[in-house]
>>> print(open('structure_1.csv').read())   # CSV, C-alpha atoms and all ligand atoms
chain,number,residue,atom,x,y,z
A,1,MET,CA,4.7,-6.7,-13.0
A,2,ASN,CA,2.1,-5.4,-15.4
A,3,CYS,CA,2.0,-1.7,-14.5
A,4,SER,CA,-0.3,0.6,-16.4
A,5,VAL,CA,-0.7,4.2,-15.1
A,6,MET,CA,-4.3,5.2,-14.7
A,7,ALA,CA,-5.7,8.6,-14.0
A,8,PRO,CA,-5.2,9.5,-10.3
A,9,ILE,CA,-8.2,9.6,-8.1
A,10,ASN,CA,-9.3,13.0,-7.1
A,11,VAL,CA,-11.9,12.8,-4.4
A,12,ASP,CA,-13.4,15.3,-2.1
A,13,ASN,CA,-14.8,12.6,0.1
A,14,VAL,CA,-15.0,8.8,-0.2
A,15,ASN,CA,-18.7,8.8,-0.3
A,16,GLY,CA,-19.0,11.3,-3.1
A,17,THR,CA,-20.4,14.3,-1.4
A,18,LYS,CA,-18.5,17.5,-0.9
A,19,VAL,CA,-17.4,18.5,2.6
A,20,GLU,CA,-15.2,21.2,4.0
A,21,SER,CA,-11.7,20.1,4.9
A,22,PRO,CA,-11.4,19.7,8.7
A,23,ALA,CA,-9.3,22.0,10.7
A,24,LYS,CA,-5.7,20.6,10.4
A,25,LYS,CA,-5.0,22.0,13.9
A,26,ALA,CA,-7.1,19.3,15.4
A,27,LEU,CA,-4.8,16.5,14.2
A,28,PRO,CA,-1.7,15.7,16.4
A,29,GLU,CA,1.2,14.9,14.1
A,30,VAL,CA,2.6,12.1,16.2
A,31,GLU,CA,1.0,9.7,18.7
A,32,THR,CA,3.1,7.9,21.2
A,33,ASP,CA,1.9,4.4,22.1
A,34,THR,CA,2.1,2.8,25.6
A,35,ASN,CA,5.5,1.4,24.7
A,36,GLY,CA,6.8,4.8,23.9
A,37,ASN,CA,6.9,4.2,20.1
A,38,GLU,CA,5.9,7.1,18.0
A,39,HIS,CA,3.3,6.8,15.2
A,40,LYS,CA,2.9,9.6,12.7
A,41,ARG,CA,-0.7,10.4,12.1
A,42,TYR,CA,-1.9,10.2,8.5
A,43,SER,CA,-4.1,12.7,6.8
A,44,TYR,CA,-6.8,12.2,4.2
A,45,GLU,CA,-4.4,13.6,1.6
A,46,MET,CA,-1.6,11.1,2.6
A,47,LEU,CA,-4.0,8.2,2.0
A,48,VAL,CA,-5.1,9.6,-1.4
A,49,GLU,CA,-1.4,9.7,-2.2
A,50,THR,CA,-1.1,6.0,-1.1
A,51,ALA,CA,-4.2,5.0,-3.2
A,52,ASN,CA,-2.9,6.9,-6.2
A,53,PHE,CA,0.4,5.1,-5.9
A,54,LEU,CA,-1.3,1.7,-5.9
A,55,LEU,CA,-3.6,2.7,-8.8
A,56,SER,CA,-0.5,3.6,-10.8
A,57,LYS,CA,0.9,0.1,-10.2
A,58,THR,CA,-2.0,-2.0,-11.3
A,59,PRO,CA,-4.8,-1.8,-13.8
A,60,VAL,CA,-7.1,-3.8,-11.4
A,61,ARG,CA,-9.9,-1.7,-10.0
A,62,PRO,CA,-11.2,-3.8,-7.0
A,63,LYS,CA,-14.7,-3.4,-5.7
A,64,ILE,CA,-14.2,-6.1,-3.1
A,65,GLY,CA,-11.4,-6.3,-0.5
A,66,VAL,CA,-10.4,-9.3,1.5
A,67,ILE,CA,-8.4,-9.3,4.7
A,68,CYS,CA,-6.7,-12.7,5.0
A,69,GLY,CA,-6.4,-13.6,8.6
A,70,SER,CA,-4.2,-16.2,10.3
A,71,GLY,CA,-6.6,-19.0,9.1
A,72,LEU,CA,-6.6,-17.8,5.5
A,73,GLY,CA,-2.9,-17.9,4.6
A,74,SER,CA,-1.4,-14.8,6.1
A,75,TYR,CA,1.4,-17.1,7.2
A,76,TRP,CA,1.8,-19.3,4.1
A,77,ASN,CA,1.3,-19.1,0.4
A,78,GLU,CA,0.8,-22.5,-1.0
A,79,GLY,CA,-2.8,-23.3,-1.5
A,80,SER,CA,-3.9,-20.1,0.2
A,81,LEU,CA,-6.6,-17.7,-1.0
A,82,ALA,CA,-4.0,-15.2,-2.0
A,83,GLU,CA,-2.4,-17.8,-4.3
A,84,THR,CA,-5.8,-18.5,-5.9
A,85,ILE,CA,-5.9,-14.9,-7.1
A,86,THR,CA,-5.2,-14.9,-10.9
A,87,GLU,CA,-3.4,-12.2,-12.8
A,88,ALA,CA,-2.0,-11.4,-9.4
A,89,GLN,CA,0.2,-8.4,-8.7
A,90,CYS,CA,1.8,-8.4,-5.3
A,91,ILE,CA,2.9,-5.2,-3.7
A,92,PRO,CA,4.9,-5.6,-0.4
A,93,TYR,CA,3.8,-3.2,2.3
A,94,GLU,CA,7.3,-1.8,2.7
A,95,GLU,CA,7.0,-0.4,-0.9
A,96,ILE,CA,3.7,1.4,-0.3
A,97,PRO,CA,4.0,5.0,0.8
A,98,ASN,CA,2.6,5.7,4.3
A,99,PHE,CA,1.8,2.0,4.9
A,100,PRO,CA,2.7,0.2,8.1
A,101,VAL,CA,4.7,-3.1,7.9
A,102,SER,CA,3.7,-6.4,9.5
A,103,THR,CA,5.9,-7.3,12.5
A,104,VAL,CA,4.4,-10.7,13.3
A,105,GLU,CA,7.1,-13.3,12.7
A,106,GLY,CA,6.3,-15.4,9.6
A,107,HIS,CA,3.3,-13.1,8.7
A,108,TYR,CA,3.2,-12.0,5.0
A,109,GLY,CA,2.9,-8.3,4.4
A,110,LYS,CA,1.6,-7.7,0.9
A,111,LEU,CA,-1.3,-6.4,-1.0
A,112,VAL,CA,-2.4,-8.7,-3.8
A,113,PHE,CA,-4.4,-7.3,-6.7
A,114,GLY,CA,-6.0,-9.6,-9.2
A,115,ARG,CA,-9.1,-11.7,-9.8
A,116,LEU,CA,-11.0,-14.2,-7.7
A,117,GLY,CA,-13.0,-16.0,-10.3
A,118,ASP,CA,-13.9,-13.1,-12.6
A,119,ILE,CA,-14.1,-10.5,-9.9
A,120,PRO,CA,-11.4,-7.9,-9.4
A,121,VAL,CA,-10.2,-7.9,-5.8
A,122,VAL,CA,-7.5,-6.7,-3.5
A,123,ALA,CA,-6.4,-8.9,-0.7
A,124,MET,CA,-4.3,-8.1,2.3
A,125,GLN,CA,-2.0,-11.0,3.0
A,126,GLY,CA,-1.1,-10.1,6.5
A,127,ARG,CA,-2.9,-7.6,8.7
A,128,PHE,CA,-1.9,-5.3,11.5
A,129,HIS,CA,-2.7,-6.1,15.1
A,130,TYR,CA,-2.8,-4.0,18.2
A,131,PHE,CA,-0.4,-6.3,20.0
A,132,GLU,CA,2.3,-5.5,17.4
A,133,GLY,CA,2.4,-2.1,19.0
A,134,TYR,CA,0.3,-0.1,16.5
A,135,PRO,CA,-2.5,2.2,17.6
A,136,LEU,CA,-5.9,0.9,16.4
A,137,TRP,CA,-6.2,3.7,13.8
A,138,LYS,CA,-2.9,2.6,12.2
A,139,CYS,CA,-4.0,-1.1,12.2
A,140,CYS,CA,-7.0,0.1,10.1
A,141,LEU,CA,-5.2,2.4,7.7
A,142,PRO,CA,-5.4,-0.2,4.9
A,143,VAL,CA,-9.2,-0.3,5.1
A,144,ARG,CA,-9.4,3.4,4.3
A,145,VAL,CA,-6.9,2.9,1.5
A,146,MET,CA,-9.2,0.2,0.1
A,147,LYS,CA,-12.1,2.6,0.3
A,148,LEU,CA,-10.1,5.2,-1.7
A,149,LEU,CA,-9.3,2.5,-4.2
A,150,GLY,CA,-13.0,2.0,-4.9
A,151,VAL,CA,-13.6,-1.0,-2.7
A,152,GLN,CA,-17.3,-1.2,-1.6
A,153,THR,CA,-17.3,-4.5,0.2
A,154,LEU,CA,-14.9,-5.7,2.8
A,155,ILE,CA,-14.6,-9.4,3.7
A,156,ALA,CA,-12.7,-9.5,7.0
A,157,THR,CA,-11.6,-13.0,8.0
A,158,ASN,CA,-9.8,-14.2,11.1
A,159,ALA,CA,-8.8,-17.1,13.2
A,160,ALA,CA,-10.6,-17.3,16.5
A,161,GLY,CA,-11.1,-19.4,19.6
A,162,GLY,CA,-14.5,-21.1,19.9
A,163,LEU,CA,-16.3,-20.2,23.1
A,164,ASN,CA,-19.8,-21.4,22.1
A,165,PRO,CA,-19.9,-25.1,23.3
A,166,ASN,CA,-21.6,-26.1,20.1
A,167,TYR,CA,-18.6,-25.0,18.0
A,168,LYS,CA,-15.9,-27.5,16.9
A,169,ILE,CA,-12.4,-26.9,15.7
A,170,GLY,CA,-12.5,-26.3,12.0
A,171,ASP,CA,-16.0,-24.7,12.0
A,172,LEU,CA,-16.6,-21.4,10.2
A,173,MET,CA,-18.5,-18.7,11.9
A,174,ILE,CA,-20.3,-16.1,10.0
A,175,VAL,CA,-20.0,-13.0,12.1
A,176,LYS,CA,-23.4,-11.7,13.0
A,177,ASP,CA,-22.2,-9.0,15.3
A,178,HIS,CA,-19.3,-8.0,17.5
A,179,ILE,CA,-18.6,-6.7,21.0
A,180,ASN,CA,-16.0,-4.0,21.0
A,181,MET,CA,-14.3,-4.9,24.3
A,182,MET,CA,-11.4,-2.6,23.6
A,183,GLY,CA,-13.8,0.2,22.8
A,184,PHE,CA,-15.4,-0.2,26.2
A,185,ALA,CA,-12.1,1.1,27.6
A,186,GLY,CA,-12.0,4.0,25.1
A,187,ASN,CA,-9.7,2.4,22.7
A,188,ASN,CA,-11.4,2.9,19.3
A,189,PRO,CA,-9.9,3.3,15.8
A,190,LEU,CA,-12.1,6.4,15.4
A,191,HIS,CA,-10.8,8.0,18.5
A,192,GLY,CA,-9.4,11.5,17.9
A,193,PRO,CA,-10.5,14.2,15.5
A,194,ASN,CA,-13.0,13.1,12.9
A,195,ASP,CA,-12.3,13.7,9.2
A,196,GLU,CA,-15.8,14.0,7.7
A,197,ARG,CA,-14.4,13.1,4.3
A,198,PHE,CA,-14.2,9.5,5.6
A,199,GLY,CA,-17.4,9.5,7.5
A,200,PRO,CA,-19.5,10.9,10.4
A,201,ARG,CA,-18.4,11.6,13.9
A,202,PHE,CA,-20.9,9.3,15.4
A,203,PRO,CA,-21.5,6.3,13.0
A,204,PRO,CA,-24.2,3.7,13.8
A,205,MET,CA,-23.0,0.2,14.3
A,206,ASN,CA,-26.2,-1.8,14.7
A,207,LYS,CA,-26.0,-3.0,11.0
A,208,ALA,CA,-22.2,-3.6,11.0
A,209,TYR,CA,-22.4,-7.0,9.3
A,210,ARG,CA,-24.7,-6.8,6.3
A,211,PHE,CA,-27.8,-9.0,6.7
A,212,GLU,CA,-28.0,-9.7,2.9
A,213,TYR,CA,-24.4,-11.1,2.9
A,214,ARG,CA,-25.0,-13.2,5.9
A,215,LYS,CA,-28.1,-14.7,4.2
A,216,ILE,CA,-26.2,-15.4,1.0
A,217,ALA,CA,-23.3,-17.0,3.1
A,218,LYS,CA,-25.8,-19.4,4.6
A,219,GLU,CA,-27.3,-20.3,1.2
A,220,VAL,CA,-23.8,-20.8,-0.3
A,221,ALA,CA,-22.9,-23.0,2.7
A,222,LYS,CA,-25.8,-25.3,1.8
A,223,GLU,CA,-24.9,-25.3,-1.9
A,224,LEU,CA,-21.3,-26.3,-1.1
A,225,ASN,CA,-22.6,-28.9,1.3
A,226,ILE,CA,-20.7,-27.4,4.3
A,227,GLU,CA,-23.7,-26.2,6.2
A,228,ASN,CA,-22.8,-28.6,9.1
A,229,ILE,CA,-19.6,-26.7,9.8
A,230,VAL,CA,-20.9,-23.1,9.1
A,231,LYS,CA,-22.3,-21.3,12.2
A,232,GLU,CA,-23.3,-17.8,12.9
A,233,GLY,CA,-22.3,-15.9,16.0
A,234,VAL,CA,-20.8,-13.0,17.9
A,235,TYR,CA,-17.1,-12.2,17.8
A,236,THR,CA,-15.0,-10.2,20.2
A,237,CYS,CA,-11.5,-8.8,19.9
A,238,LEU,CA,-9.1,-8.5,22.8
A,239,GLY,CA,-5.8,-6.7,22.7
A,240,GLY,CA,-3.6,-9.9,22.9
A,241,PRO,CA,-1.0,-11.2,22.4
A,242,ASN,CA,-1.7,-13.6,25.3
A,243,PHE,CA,-4.6,-16.0,25.0
A,244,GLU,CA,-7.3,-15.7,27.6
A,245,THR,CA,-7.6,-16.9,31.2
A,246,VAL,CA,-10.4,-19.2,32.2
A,247,ALA,CA,-12.1,-16.4,34.2
A,248,GLU,CA,-11.9,-14.0,31.2
A,249,LEU,CA,-13.4,-16.6,28.9
A,250,ASN,CA,-16.2,-17.4,31.3
A,251,MET,CA,-17.0,-13.7,31.5
A,252,LEU,CA,-17.1,-13.3,27.7
A,253,LYS,CA,-19.3,-16.4,27.5
A,254,MET,CA,-21.7,-14.8,29.9
A,255,VAL,CA,-22.1,-11.6,27.9
A,256,GLY,CA,-22.9,-13.6,24.7
A,257,VAL,CA,-19.5,-14.0,22.9
A,258,ASP,CA,-19.3,-17.0,20.6
A,259,ALA,CA,-15.7,-16.6,19.3
A,260,VAL,CA,-12.6,-14.7,20.6
A,261,GLY,CA,-9.8,-13.2,18.6
A,262,MET,CA,-7.4,-10.3,18.4
A,263,SER,CA,-8.5,-8.4,15.2
A,264,THR,CA,-11.4,-7.5,12.9
A,265,VAL,CA,-13.6,-5.4,15.2
A,266,HIS,CA,-11.6,-2.2,14.6
A,267,GLU,CA,-11.3,-2.9,10.9
A,268,VAL,CA,-15.1,-3.3,10.7
A,269,ILE,CA,-15.7,-0.1,12.6
A,270,THR,CA,-13.4,1.8,10.2
A,271,ALA,CA,-15.1,0.2,7.2
A,272,ARG,CA,-18.6,1.0,8.4
A,273,HIS,CA,-17.5,4.6,9.2
A,274,CYS,CA,-16.7,5.1,5.5
A,275,ASP,CA,-19.9,3.3,4.5
A,276,MET,CA,-18.3,0.0,3.2
A,277,ASN,CA,-20.5,-3.1,3.3
A,278,VAL,CA,-19.0,-5.8,5.6
A,279,PHE,CA,-18.9,-9.5,5.8
A,280,GLY,CA,-17.0,-11.2,8.6
A,281,LEU,CA,-15.9,-14.8,8.8
A,282,SER,CA,-14.1,-16.5,11.6
A,283,LEU,CA,-12.3,-19.9,11.4
A,284,ILE,CA,-12.6,-21.6,14.7
A,285,THR,CA,-9.1,-22.8,15.3
A,286,ASN,CA,-9.2,-23.9,18.9
A,287,GLU,CA,-11.6,-24.6,21.7
A,288,CYS,CA,-11.5,-22.0,24.4
A,289,VAL,CA,-10.6,-23.5,27.7
A,290,THR,CA,-13.3,-22.6,30.2
A,291,SER,CA,-12.7,-25.0,33.0
A,292,TYR,CA,-9.7,-25.4,35.4
A,293,ASP,CA,-10.0,-29.2,34.9
A,294,GLN,CA,-9.0,-29.0,31.2
A,295,ASP,CA,-5.4,-29.6,30.4
A,296,ALA,CA,-5.3,-28.0,26.9
A,297,GLU,CA,-3.6,-24.7,26.3
A,298,ALA,CA,-4.2,-22.4,23.3
A,299,ASN,CA,-1.3,-22.1,21.0
A,300,HIS,CA,-0.5,-20.3,17.8
A,301,GLU,CA,0.8,-23.5,16.0
A,302,GLU,CA,-2.6,-25.1,16.4
A,303,VAL,CA,-4.2,-22.0,14.9
A,304,LEU,CA,-2.0,-22.2,11.8
A,305,ASP,CA,-2.5,-26.0,11.5
A,306,VAL,CA,-6.3,-25.7,11.5
A,307,GLY,CA,-6.0,-22.9,8.9
A,308,ARG,CA,-4.0,-25.2,6.6
A,309,MET,CA,-6.4,-28.1,7.2
A,310,ARG,CA,-9.4,-25.9,6.2
A,311,GLN,CA,-7.8,-23.9,3.4
A,312,GLU,CA,-9.4,-25.7,0.5
A,313,ILE,CA,-12.9,-25.2,1.9
A,314,LEU,CA,-12.2,-21.6,2.8
A,315,ARG,CA,-10.8,-20.8,-0.6
A,316,LYS,CA,-13.9,-22.3,-2.3
A,317,TYR,CA,-16.3,-20.6,0.2
A,318,VAL,CA,-14.7,-17.2,0.0
A,319,THR,CA,-14.3,-17.3,-3.8
A,320,THR,CA,-18.0,-18.2,-4.2
A,321,LEU,CA,-19.0,-15.5,-1.8
A,322,VAL,CA,-17.0,-12.9,-3.7
A,323,ASP,CA,-18.9,-13.9,-6.9
A,324,ARG,CA,-22.3,-13.7,-5.2
A,325,PHE,CA,-21.6,-10.5,-3.3
A,326,SER,CA,-20.5,-8.9,-6.6
A,327,LYS,CA,-23.8,-9.8,-8.2
A,328,VAL,CA,-25.7,-8.2,-5.3
A,329,MET,CA,-23.5,-5.1,-5.6
A,330,LYS,CA,-24.2,-4.9,-9.4
A,331,ALA,CA,-27.9,-5.2,-8.7
A,332,HIS,CA,-27.8,-2.3,-6.2
A,333,ASN,CA,-25.5,-0.2,-8.5
A,334,PRO,CA,-26.1,-1.3,-12.0
B,401,LIG,O1,-7.1,-12.4,13.8
B,401,LIG,P1,-6.1,-13.1,13.0
B,401,LIG,O2,-5.1,-12.1,12.3
B,401,LIG,O3,-6.7,-14.0,12.0
B,401,LIG,O4,-5.2,-14.0,14.0
B,401,LIG,C1,-5.6,-14.5,15.2
B,401,LIG,O5,-4.7,-15.6,15.4
B,401,LIG,C2,-3.5,-15.1,16.1
B,401,LIG,C3,-3.3,-15.9,17.4
B,401,LIG,O6,-3.0,-17.3,17.0
B,401,LIG,C4,-3.8,-13.7,16.5
B,401,LIG,O7,-3.2,-12.8,15.7
B,401,LIG,C5,-5.3,-13.6,16.4
B,401,LIG,O8,-5.8,-12.3,16.1
B,402,LIG,N1,-7.8,-14.0,21.7
B,402,LIG,C1,-7.8,-15.1,21.0
B,402,LIG,N2,-7.4,-15.1,19.7
B,402,LIG,C2,-7.3,-16.2,19.0
B,402,LIG,N3,-7.0,-16.5,17.8
B,402,LIG,C3,-7.1,-17.8,17.5
B,402,LIG,N4,-7.6,-18.4,18.6
B,402,LIG,C4,-7.7,-17.5,19.6
B,402,LIG,C5,-8.1,-17.5,20.9
B,402,LIG,O1,-8.5,-18.5,21.5
B,402,LIG,N5,-8.1,-16.3,21.6
>>> encode(input="structure_1.csv", output="structure tokens")
Amino acid sequence: MNCSVMAPINVDNVNGTKVESPAKKALPEVETDTNGNEHKRYSYEMLVETANFLLSKTPVRPKIGVICGSGLGSYWNEGSLAETITEAQCIPYEEIPNFPVSTVEGHYGKLVFGRLGDIPVVAMQGRFHYFEGYPLWKCCLPVRVMKLLGVQTLIATNAAGGLNPNYKIGDLMIVKDHINMMGFAGNNPLHGPNDERFGPRFPPMNKAYRFEYRKIAKEVAKELNIENIVKEGVYTCLGGPNFETVAELNMLKMVGVDAVGMSTVHEVITARHCDMNVFGLSLITNECVTSYDQDAEANHEEVLDVGRMRQEILRKYVTTLVDRFSKVMKAHNP
């Protein structure tokens, strides 16, 4: 591994303005989840330590972070997006201070630093899900670490069931918006005391998925001749791990959901809270079963098979988007 030690980051706040440290008293040290497992709360200082550790391990200074979901090679390496990253340095989650570890069987758990095309990136190969037993704030810890590393744009990808009748297996859905179903019940990654150094107590969410990126993604789909499989729609995340009942899916359809998964929404909320720009992409891996007459059943193997089937297109699409988004970022911040 090519390790060059860089100056540690010393930030008052991820967005560059100075704020008073929040009262530590407000932060409970340990949270117990519904299974009785204890999760030690992290502080801003702990995540700065995590980010400094990573910066000491790699000379890469990523401005774009990618979360590789089940359809983008979090379960396999060969031909995956993570494998496409050049000059790659892989850091397993268990070696990173304060990081959770993936518990999903077969799921990779590593951060990959390197280049996609010319652009310095960091990719999560393997994410954390609520159904693994983590509180939502812990699932999203890596997003805040990315922010501290200097990441300005998050590309969050996932595998999802297609609820929109016009969607076919293998389609890609640009996420236009989400419905935070878990949040309706009060389960939100920002629940608990707010640390202003990350962002405000009450962040807006109406521009969660950057309009400019969605426009570019549609243009790139045309350029790559894949516009027939690229759609745009609304995603929702349920807690999982079971797939949905027919009645649940029909309810979601009624409220305007196009694709259903078990991730992404809380990551996006965390990213927007600390003012990262977000692009969301779902790979439609299965058709949601919305009628009692249908015999099909959702299953994880199908999800992975469709991911493998689409990996070449996804690799090309995401690599091109990274290049285009970085140009936009440079234009905004020359
Ligand atoms: O959202 P990602 O991690 O892509 O994975 C999706 O696919 C898995 C189910 O097959 C669940 O983990 C669901 O969230
Ligand atoms: N909740 C949920 N997650 C998925 N991930 C991939 N497909 C599905 C699905 O149909 N439902």
>>> residues_around(input="structure_1.csv", residues="Gly150 in chain A", least_positions_apart="2", cutoff="9 Å", atoms="only C-alpha atoms", output="PyMOL selection string")
chain A and resi 14+61-64+145-148+152
>>> write_last_selection(input="structure_1.csv", atoms="C-alpha atoms", output="PDB file, in the coordinates of the input")
ATOM      1  CA  VAL A  14     -15.000   8.800  -0.200  1.00  0.00           C
ATOM      2  CA  ARG A  61      -9.900  -1.700 -10.000  1.00  0.00           C
ATOM      3  CA  PRO A  62     -11.200  -3.800  -7.000  1.00  0.00           C
ATOM      4  CA  LYS A  63     -14.700  -3.400  -5.700  1.00  0.00           C
ATOM      5  CA  ILE A  64     -14.200  -6.100  -3.100  1.00  0.00           C
ATOM      6  CA  VAL A 145      -6.900   2.900   1.500  1.00  0.00           C
ATOM      7  CA  MET A 146      -9.200   0.200   0.100  1.00  0.00           C
ATOM      8  CA  LYS A 147     -12.100   2.600   0.300  1.00  0.00           C
ATOM      9  CA  LEU A 148     -10.100   5.200  -1.700  1.00  0.00           C
ATOM     10  CA  GLN A 152     -17.300  -1.200  -1.600  1.00  0.00           C
TER      11      GLN A 152
END
>>> residues_near_ligand(input="structure_1.csv", ligand="ligand LIG 402 (chain B)", cutoff="7 Å", atoms="all atoms listed in the file", output="list in words")
Ala159, Ala160, Gly161, Gly162, Cys237, Leu238, Gly240, Phe243, Glu244, Val260, Gly261, Met262, Thr285, Asn286, Glu287, Cys288, Ala298 and Val303 of chain A
>>> write_last_selection(input="structure_1.csv", atoms="C-alpha atoms", output="mmCIF file, keeping the file's coordinate frame")
data_model
loop_
_atom_site.group_PDB
_atom_site.id
_atom_site.type_symbol
_atom_site.label_atom_id
_atom_site.label_comp_id
_atom_site.auth_asym_id
_atom_site.auth_seq_id
_atom_site.Cartn_x
_atom_site.Cartn_y
_atom_site.Cartn_z
ATOM 1 C CA ALA A 159 -8.800 -17.100 13.200
ATOM 2 C CA ALA A 160 -10.600 -17.300 16.500
ATOM 3 C CA GLY A 161 -11.100 -19.400 19.600
ATOM 4 C CA GLY A 162 -14.500 -21.100 19.900
ATOM 5 C CA CYS A 237 -11.500 -8.800 19.900
ATOM 6 C CA LEU A 238 -9.100 -8.500 22.800
ATOM 7 C CA GLY A 240 -3.600 -9.900 22.900
ATOM 8 C CA PHE A 243 -4.600 -16.000 25.000
ATOM 9 C CA GLU A 244 -7.300 -15.700 27.600
ATOM 10 C CA VAL A 260 -12.600 -14.700 20.600
ATOM 11 C CA GLY A 261 -9.800 -13.200 18.600
ATOM 12 C CA MET A 262 -7.400 -10.300 18.400
ATOM 13 C CA THR A 285 -9.100 -22.800 15.300
ATOM 14 C CA ASN A 286 -9.200 -23.900 18.900
ATOM 15 C CA GLU A 287 -11.600 -24.600 21.700
ATOM 16 C CA CYS A 288 -11.500 -22.000 24.400
ATOM 17 C CA ALA A 298 -4.200 -22.400 23.300
ATOM 18 C CA VAL A 303 -4.200 -22.000 14.900
#
>>> residues_near_ligand(input="structure_1.csv", ligand="ligand LIG 401 (chain B)", cutoff="8 Å", atoms="only C-alpha atoms and all ligand atoms", output="number ranges by chain")
A: 68-72, 74, 126-129, 157-160, 237, 240-241, 243, 261-264, 282, 299-304
>>> atom_distance(input="structure_1.csv", atom1="CA of Val151 in chain A", atom2="CA of Val121 in chain A")
8.3 Å
>>> residues_around(input="structure_1.csv", residues="Ala88 in chain A", least_positions_apart="4", cutoff="10 Å", atoms="only C-alpha atoms", output="PDB file with C-alpha atoms, in the coordinates of the input")
ATOM      1  CA  MET A   1       4.700  -6.700 -13.000  1.00  0.00           C
ATOM      2  CA  ASN A   2       2.100  -5.400 -15.400  1.00  0.00           C
ATOM      3  CA  THR A  58      -2.000  -2.000 -11.300  1.00  0.00           C
ATOM      4  CA  VAL A  60      -7.100  -3.800 -11.400  1.00  0.00           C
ATOM      5  CA  ALA A  82      -4.000 -15.200  -2.000  1.00  0.00           C
ATOM      6  CA  GLU A  83      -2.400 -17.800  -4.300  1.00  0.00           C
ATOM      7  CA  THR A  84      -5.800 -18.500  -5.900  1.00  0.00           C
ATOM      8  CA  LEU A 111      -1.300  -6.400  -1.000  1.00  0.00           C
ATOM      9  CA  VAL A 112      -2.400  -8.700  -3.800  1.00  0.00           C
ATOM     10  CA  PHE A 113      -4.400  -7.300  -6.700  1.00  0.00           C
ATOM     11  CA  GLY A 114      -6.000  -9.600  -9.200  1.00  0.00           C
ATOM     12  CA  ARG A 115      -9.100 -11.700  -9.800  1.00  0.00           C
ATOM     13  CA  LEU A 116     -11.000 -14.200  -7.700  1.00  0.00           C
ATOM     14  CA  VAL A 121     -10.200  -7.900  -5.800  1.00  0.00           C
ATOM     15  CA  VAL A 122      -7.500  -6.700  -3.500  1.00  0.00           C
TER      16      VAL A 122
END
>>> residues_near_point(input="structure_1.csv", point="(-2.4, 8.3, 0.5)", cutoff="10 Å", atoms="only C-alpha atoms", output="ChimeraX atom specification")
/A:42-54,96-99,141,144-145,148
>>> atom_distance(input="structure_1.csv", atom1="CA of Asp258 in chain A", atom2="CA of Ile155 in chain A")
19.1 Å
